[in-house]
$ cat entry.cif   # mmCIF, C-alpha atoms
data_query
loop_
_atom_site.label_atom_id
_atom_site.label_comp_id
_atom_site.auth_asym_id
_atom_site.auth_seq_id
_atom_site.Cartn_x
_atom_site.Cartn_y
_atom_site.Cartn_z
CA MET T 1 77.26 -127.82 -2.00
CA LYS T 2 78.72 -124.89 -0.05
CA LYS T 3 77.22 -122.42 -2.49
CA LEU T 4 73.74 -123.95 -2.15
CA SER T 5 73.87 -123.89 1.63
CA ALA T 6 74.95 -120.28 1.57
CA ARG T 7 71.89 -119.29 -0.39
CA ARG T 8 69.44 -120.89 2.03
CA ARG T 9 67.06 -118.36 3.63
CA HIS T 10 66.89 -117.77 7.32
CA PRO T 11 63.90 -119.57 8.96
CA LEU T 12 62.42 -116.20 10.09
CA ALA T 13 62.77 -114.52 6.69
CA ALA T 14 59.23 -115.44 5.62
CA VAL T 15 57.80 -114.00 8.87
CA VAL T 16 59.69 -110.73 8.36
CA VAL T 17 58.42 -110.42 4.78
CA LEU T 18 54.82 -111.05 5.91
CA LEU T 19 55.06 -108.41 8.64
CA LEU T 20 56.47 -105.86 6.19
CA ALA T 21 53.62 -106.55 3.77
CA LEU T 22 51.04 -106.13 6.52
CA ALA T 23 52.65 -102.91 7.68
CA CYS T 24 52.52 -101.47 4.16
CA THR T 25 48.83 -102.26 3.77
CA GLY T 26 47.75 -101.27 7.27
CA GLY T 27 47.05 -104.89 8.17
CA LEU T 28 49.62 -104.88 10.94
CA TYR T 29 47.59 -102.27 12.81
CA VAL T 30 44.48 -104.37 12.41
CA LEU T 31 46.22 -107.39 13.89
CA LEU T 32 47.83 -105.55 16.77
CA ALA T 33 45.23 -102.81 17.50
CA PRO T 34 43.16 -103.17 20.67
CA THR T 35 39.55 -104.32 20.22
CA SER T 36 38.20 -102.36 23.18
CA GLN T 37 36.50 -99.74 20.97
CA ALA T 38 34.64 -102.37 18.96
CA LYS T 39 33.59 -104.14 22.14
CA ALA T 40 32.40 -100.84 23.63
CA ASP T 41 30.29 -100.07 20.55
CA THR T 42 28.77 -103.54 20.61
CA THR T 43 28.01 -103.25 24.33
CA ALA T 44 26.37 -99.82 23.88
CA GLN T 45 24.26 -101.16 21.02
CA SER T 46 23.15 -104.13 23.09
CA LEU T 47 22.27 -101.90 26.04
CA ALA T 48 20.23 -99.58 23.80
CA ILE T 49 18.33 -102.56 22.38
CA ASP T 50 17.62 -103.92 25.87
CA GLU T 51 16.40 -100.55 27.17
CA GLY T 52 14.34 -100.00 24.04
CA LYS T 53 12.75 -103.42 24.43
CA LYS T 54 11.71 -102.54 27.99
CA LEU T 55 10.15 -99.26 26.84
CA PHE T 56 8.42 -101.08 24.00
CA ALA T 57 6.94 -103.68 26.36
CA VAL T 58 5.39 -100.94 28.52
CA GLY T 59 4.16 -98.46 25.91
CA CYS T 60 3.78 -100.28 22.59
CA ALA T 61 3.43 -104.05 22.93
CA SER T 62 -0.28 -103.95 23.80
CA CYS T 63 -1.07 -102.84 20.23
CA HIS T 64 1.96 -103.94 18.19
CA GLY T 65 2.62 -107.30 19.85
CA THR T 66 5.38 -108.35 22.22
CA GLY T 67 7.81 -108.83 19.33
CA GLY T 68 6.56 -105.99 17.15
CA GLN T 69 4.82 -108.49 14.86
CA GLY T 70 1.56 -106.53 14.94
CA THR T 71 -1.95 -107.32 16.15
CA THR T 72 -5.50 -106.41 15.18
CA ASP T 73 -4.98 -103.12 17.04
CA GLY T 74 -1.66 -102.13 15.45
CA PRO T 75 0.48 -102.91 12.39
CA SER T 76 3.72 -104.86 12.33
CA LEU T 77 6.82 -102.79 13.05
CA VAL T 78 9.28 -105.23 11.48
CA GLY T 79 11.23 -103.30 8.85
CA VAL T 80 9.76 -99.83 9.50
CA GLY T 81 13.18 -98.56 10.58
CA ALA T 82 14.41 -96.00 13.08
CA ALA T 83 13.07 -93.01 11.10
CA ALA T 84 9.46 -94.16 11.52
CA VAL T 85 9.92 -94.53 15.27
CA ASP T 86 11.61 -91.14 15.60
CA PHE T 87 8.75 -89.49 13.70
CA GLN T 88 5.79 -91.23 15.33
CA VAL T 89 7.09 -91.06 18.89
CA GLY T 90 8.89 -87.73 18.49
CA THR T 91 5.68 -85.99 17.36
CA GLY T 92 3.60 -87.60 20.12
CA ARG T 93 1.45 -89.61 17.73
CA MET T 94 2.65 -92.78 19.40
CA PRO T 95 1.68 -94.23 21.77
CA ALA T 96 -1.81 -93.53 20.43
CA GLN T 97 -4.23 -91.97 22.89
CA GLN T 98 -7.29 -93.63 21.38
CA PRO T 99 -8.26 -95.39 18.15
CA GLY T 100 -9.72 -93.32 15.33
CA ALA T 101 -9.59 -92.49 11.66
CA GLN T 102 -6.22 -90.81 12.20
CA VAL T 103 -3.84 -90.45 15.13
CA PRO T 104 -3.28 -86.72 15.78
CA LYS T 105 -0.11 -85.02 16.91
CA LYS T 106 0.11 -84.44 20.65
CA LYS T 107 2.63 -83.68 23.39
CA ASN T 108 5.56 -86.07 23.42
CA ILE T 109 5.98 -88.15 26.59
CA TYR T 110 9.43 -89.60 25.84
CA SER T 111 12.86 -88.01 25.99
CA GLN T 112 15.05 -88.06 22.88
CA ALA T 113 17.31 -90.63 24.54
CA GLU T 114 14.34 -92.93 25.11
CA ILE T 115 13.17 -92.41 21.53
CA ASP T 116 16.65 -93.38 20.31
CA GLN T 117 16.51 -96.55 22.41
CA LEU T 118 13.09 -97.45 21.02
CA ALA T 119 14.33 -96.79 17.50
CA THR T 120 17.38 -98.99 18.07
CA TYR T 121 15.21 -101.85 19.28
CA ILE T 122 12.76 -101.56 16.37
CA SER T 123 15.68 -101.40 13.93
CA SER T 124 16.96 -104.69 15.35
CA LEU T 125 13.71 -106.36 14.24
CA GLY T 126 14.33 -105.57 10.57
CA ALA T 127 16.21 -103.07 8.41
CA GLY T 128 14.43 -99.83 7.46
CA PRO T 129 15.05 -96.09 6.88
CA ASN T 130 17.51 -94.52 9.30
CA VAL T 131 17.05 -91.25 11.16
CA PRO T 132 18.35 -88.50 8.82
CA THR T 133 21.29 -86.31 9.73
CA GLU T 134 21.21 -82.52 9.82
CA ALA T 135 23.24 -82.45 6.61
CA GLN T 136 20.36 -84.22 4.85
CA TYR T 137 17.54 -81.88 5.92
CA GLY T 138 19.46 -78.66 6.65
CA PRO T 139 19.12 -75.53 4.47
CA ASP T 140 22.67 -75.57 3.12
CA GLY T 141 22.66 -76.14 -0.62
CA ALA T 142 18.86 -76.20 -0.91
CA ASP T 143 16.98 -74.79 -3.92
CA ILE T 144 13.83 -73.11 -2.60
CA ALA T 145 12.29 -72.54 -6.03
CA LYS T 146 12.79 -76.18 -6.98
CA GLY T 147 11.35 -77.19 -3.62
CA GLY T 148 8.20 -75.17 -4.29
CA GLU T 149 7.78 -76.85 -7.67
CA LEU T 150 8.20 -80.30 -6.15
CA PHE T 151 5.84 -79.51 -3.28
CA ARG T 152 3.09 -78.24 -5.55
CA THR T 153 3.46 -81.32 -7.74
CA ASN T 154 3.59 -83.99 -5.03
CA CYS T 155 2.15 -82.56 -1.80
CA ALA T 156 -0.19 -79.59 -2.36
CA GLN T 157 -3.17 -81.79 -3.27
CA CYS T 158 -3.44 -82.73 0.41
CA HIS T 159 -1.37 -80.21 2.36
CA ASN T 160 -2.38 -77.04 0.49
CA PHE T 161 0.04 -74.87 -1.51
CA THR T 162 1.86 -73.61 1.56
CA GLY T 163 1.48 -76.65 3.81
CA LYS T 164 -1.52 -75.41 5.79
CA GLY T 165 -3.14 -78.85 5.68
CA GLY T 166 -6.60 -79.88 4.61
CA ALA T 167 -9.46 -82.35 5.08
CA LEU T 168 -9.48 -85.79 3.50
CA THR T 169 -12.14 -88.50 3.33
CA HIS T 170 -13.67 -90.50 6.19
CA GLY T 171 -12.47 -88.21 8.98
CA LYS T 172 -8.84 -88.17 7.86
CA PHE T 173 -6.81 -85.03 7.26
CA ALA T 174 -3.47 -83.74 6.04
CA PRO T 175 -1.85 -81.92 8.99
CA ASP T 176 -0.56 -78.37 9.01
CA LEU T 177 3.19 -78.38 8.35
CA GLU T 178 3.93 -74.98 9.87
CA GLY T 179 6.23 -75.32 12.86
CA VAL T 180 7.03 -78.99 12.19
CA ALA T 181 10.71 -79.82 12.71
CA PRO T 182 12.65 -80.27 9.44
CA LYS T 183 13.82 -83.68 10.63
CA HIS T 184 10.25 -84.87 11.09
CA ILE T 185 9.23 -83.60 7.65
CA TYR T 186 12.12 -85.52 6.11
CA GLU T 187 11.15 -88.66 8.06
CA ALA T 188 7.52 -88.34 6.98
CA MET T 189 8.60 -88.25 3.34
CA GLN T 190 10.82 -91.26 3.96
CA THR T 191 8.30 -93.44 5.76
CA GLY T 192 4.83 -92.30 4.63
CA PRO T 193 3.01 -92.18 7.99
CA GLN T 194 -0.72 -93.02 8.14
CA ASN T 195 -2.46 -91.69 5.00
CA MET T 196 0.64 -90.19 3.43
CA PRO T 197 2.46 -92.07 0.64
CA SER T 198 6.16 -92.68 1.13
CA PHE T 199 8.75 -90.92 -1.05
CA PRO T 200 11.94 -92.99 -0.98
CA ASP T 201 15.12 -91.71 -2.60
CA THR T 202 14.14 -93.46 -5.83
CA THR T 203 11.08 -91.17 -6.01
CA LEU T 204 12.31 -88.00 -4.31
CA SER T 205 16.07 -87.82 -3.95
CA GLU T 206 17.79 -86.61 -0.79
CA GLN T 207 18.35 -83.25 -2.49
CA ASN T 208 14.66 -83.06 -3.49
CA LYS T 209 13.61 -83.57 0.13
CA LYS T 210 16.03 -80.89 1.25
CA ASP T 211 14.58 -78.48 -1.33
CA ILE T 212 10.99 -79.12 -0.19
CA ILE T 213 11.88 -78.54 3.45
CA ALA T 214 13.62 -75.28 2.54
CA TYR T 215 10.53 -74.16 0.59
CA LEU T 216 8.19 -74.84 3.52
CA ASP T 217 10.50 -72.96 5.86
CA ALA T 218 10.54 -70.01 3.46
CA VAL T 219 6.79 -69.70 2.85
CA ASN T 220 5.91 -70.16 6.52
CA GLY T 221 8.73 -68.06 7.93
CA ASP T 222 8.28 -64.80 9.82
CA ASP T 223 9.79 -62.81 6.96
CA THR T 224 7.21 -63.99 4.40
CA VAL T 225 4.51 -61.44 3.59
CA SER T 226 1.08 -62.50 2.34
CA PRO T 227 0.17 -60.17 -0.58
CA GLY T 228 -3.53 -60.93 -0.20
CA GLY T 229 -3.95 -59.85 3.39
CA LEU T 230 -5.61 -62.63 5.38
CA GLU T 231 -4.05 -66.00 4.59
CA LEU T 232 -7.20 -68.18 4.38
CA GLY T 233 -5.03 -71.22 3.86
CA GLY T 234 -2.47 -69.42 1.74
CA LEU T 235 -4.62 -69.44 -1.39
CA GLY T 236 -3.81 -65.82 -2.22
CA PRO T 237 -5.91 -62.73 -3.10
CA VAL T 238 -8.51 -64.72 -5.09
CA SER T 239 -9.78 -66.43 -1.96
CA GLU T 240 -10.01 -63.14 -0.06
CA GLY T 241 -11.88 -61.57 -2.98
CA LEU T 242 -14.30 -64.48 -3.16
CA PHE T 243 -14.82 -64.29 0.59
CA ALA T 244 -15.60 -60.56 0.40
CA TRP T 245 -17.87 -61.05 -2.61
CA ILE T 246 -19.99 -63.76 -0.97
CA PHE T 247 -20.41 -61.99 2.35
CA GLY T 248 -20.71 -58.56 0.74
CA LEU T 249 -23.39 -59.76 -1.65
CA GLY T 250 -25.18 -61.47 1.23
CA ALA T 251 -25.13 -58.24 3.19
CA LEU T 252 -26.52 -56.28 0.22
CA ILE T 253 -29.35 -58.79 -0.19
CA ALA T 254 -30.18 -58.55 3.51
CA VAL T 255 -30.26 -54.72 3.32
CA ALA T 256 -32.46 -54.85 0.20
CA VAL T 257 -34.96 -57.16 1.92
CA TRP T 258 -35.02 -54.92 4.97
CA VAL T 259 -35.61 -51.79 2.86
CA ALA T 260 -38.38 -53.50 0.90
CA ALA T 261 -40.07 -54.62 4.10
CA ARG T 262 -39.88 -51.13 5.58
CA THR T 263 -41.23 -49.59 2.37
CA ALA T 264 -44.22 -51.97 2.26
CA LYS T 265 -45.03 -51.24 5.88
CA ALA T 266 -44.83 -47.50 5.25
CA LYS T 267 -47.28 -47.76 2.31
CA LYS T 268 -49.81 -49.68 4.40
CA SER T 269 -49.71 -47.11 7.14
#
$ encode --input "entry.cif" --output "structure tokens"
Amino acid sequence: MKKLSARRRHPLAAVVVLLLALACTGGLYVLLAPTSQAKADTTAQSLAIDEGKKLFAVGCASCHGTGGQGTTDGPSLVGVGAAAVDFQVGTGRMPAQQPGAQVPKKKNIYSQAEIDQLATYISSLGAGPNVPTEAQYGPDGADIAKGGELFRTNCAQCHNFTGKGGALTHGKFAPDLEGVAPKHIYEAMQTGPQNMPSFPDTTLSEQNKKDIIAYLDAVNGDDTVSPGGLELGGLGPVSEGLFAWIFGLGALIAVAVWVAARTAKAKKS
């Protein structure tokens, strides 16, 4: 009986073993760490949503509904994500100035902080594409040649070979991409604004988007030389030659008519 009692464990032995196990796995820190950081993040998120909701009520609710559910004057914003808000508001397209076939780009009336608050509120209505980081759309690691191939395959039909834009049907148009911020180009590919189709990562990967943005920056940069002289939409020397041929031939015809008229008048006199 003495031997059995000697082998009995101390009542706190199990607690000590549990604490050692938690310490080895990092669980002890989780139990004892202060929760102030998590509370601060939650509070900041809630404040951003509240401020964004106020901005939405003033500038957006008249068309998109008080809860972003959409109306006859504007589509639902549930699930469009923060990237769509950052693009539409950041480029001045929203709030729309007036209805029409297509909402054009105009001067932005919101600060970036206000745009972020709007985006946070819209994101709270339903999950959607997030605002990309600079690592996603920056030039580091981009393949310009691959980007040109992808752009000509997927985008040139509407935006022209070098992103100069072009007319579409029923008063719509593909905008000029020169001078557009890389972040907004990435967001447009993500979300497919207005007449543009969306290109999620399953269609164009993150690397593909980076390559396309690098290509547009290269062909529209200050160091790029147009071998055909005047750009005329970036179509190259053929367009300039056709332009000269049409107007040159027209001028020759006009001169021929004038000479013939002068000759006939001279014969009559």
$ resolve_selection --input "entry.cif" --expression "the PyMOL selection byres ((chain T and resi 169) around 12)" --output "PyMOL selection string"
chain T and resi 101-102+158+166-168+170-174+195
$ closest_residue --input "entry.cif" --among "T:Lys265, T:Cys63, T:Glu134, T:Pro200" --to "Gln98 of chain T" --atoms "all atoms listed in the file"
T:Cys63
$ resolve_selection --input "entry.cif" --expression "the PyMOL selection byres ((chain T and resi 213) around 8)" --output "number ranges by chain"
T: 137, 139, 147, 182, 185-186, 209-212, 214-217
$ closest_residue --input "entry.cif" --among "T:Ala96, T:Leu118, T:Val78, T:Ala113" --to "Ala57 of chain T" --atoms "all atoms listed in the file"
T:Leu118
$ residues_near_point --input "entry.cif" --point "(17.4, -100.2, 19.0)" --cutoff "6 Å" --atoms "all atoms listed in the file" --output "JSON, numbers by chain"
{"T": [48, 49, 52, 117, 118, 119, 120, 121, 122, 123, 124]}
$ decode --input "entry.cif" --residues "segment 150-162 of chain T" --atoms "N, CA and C atoms" --output "short mmCIF file (atom, residue, chain, number, x, y, z; two decimals), in the first residue's frame"
data_model
loop_
_atom_site.label_atom_id
_atom_site.label_comp_id
_atom_site.auth_asym_id
_atom_site.auth_seq_id
_atom_site.Cartn_x
_atom_site.Cartn_y
_atom_site.Cartn_z
N LEU T 150 -1.23 38.58 -75.26
CA LEU T 150 -2.51 38.44 -74.56
C LEU T 150 -3.44 39.61 -74.87
N PHE T 151 -2.88 40.82 -74.94
CA PHE T 151 -3.70 41.99 -75.22
C PHE T 151 -4.28 41.93 -76.63
N ARG T 152 -3.48 41.56 -77.59
CA ARG T 152 -3.98 41.48 -78.97
C ARG T 152 -5.04 40.38 -79.12
N THR T 153 -4.92 39.34 -78.31
CA THR T 153 -5.88 38.24 -78.39
C THR T 153 -7.20 38.58 -77.70
N ASN T 154 -7.14 39.25 -76.55
CA ASN T 154 -8.33 39.43 -75.72
C ASN T 154 -8.90 40.84 -75.69
N CYS T 155 -8.11 41.85 -76.06
CA CYS T 155 -8.51 43.24 -75.81
C CYS T 155 -8.51 44.13 -77.05
N ALA T 156 -7.66 43.82 -78.03
CA ALA T 156 -7.46 44.73 -79.16
C ALA T 156 -8.70 44.90 -80.02
N GLN T 157 -9.62 43.94 -80.01
CA GLN T 157 -10.83 44.05 -80.82
C GLN T 157 -11.63 45.30 -80.45
N CYS T 158 -11.55 45.71 -79.20
CA CYS T 158 -12.28 46.90 -78.75
C CYS T 158 -11.36 48.09 -78.47
N HIS T 159 -10.22 47.81 -77.86
CA HIS T 159 -9.35 48.89 -77.39
C HIS T 159 -8.26 49.28 -78.38
N ASN T 160 -8.21 48.65 -79.55
CA ASN T 160 -7.15 48.92 -80.52
C ASN T 160 -5.86 48.22 -80.07
N PHE T 161 -4.92 48.07 -80.98
CA PHE T 161 -3.71 47.29 -80.72
C PHE T 161 -2.84 47.88 -79.62
N THR T 162 -2.91 49.18 -79.44
CA THR T 162 -2.08 49.82 -78.42
C THR T 162 -2.92 50.48 -77.33
#
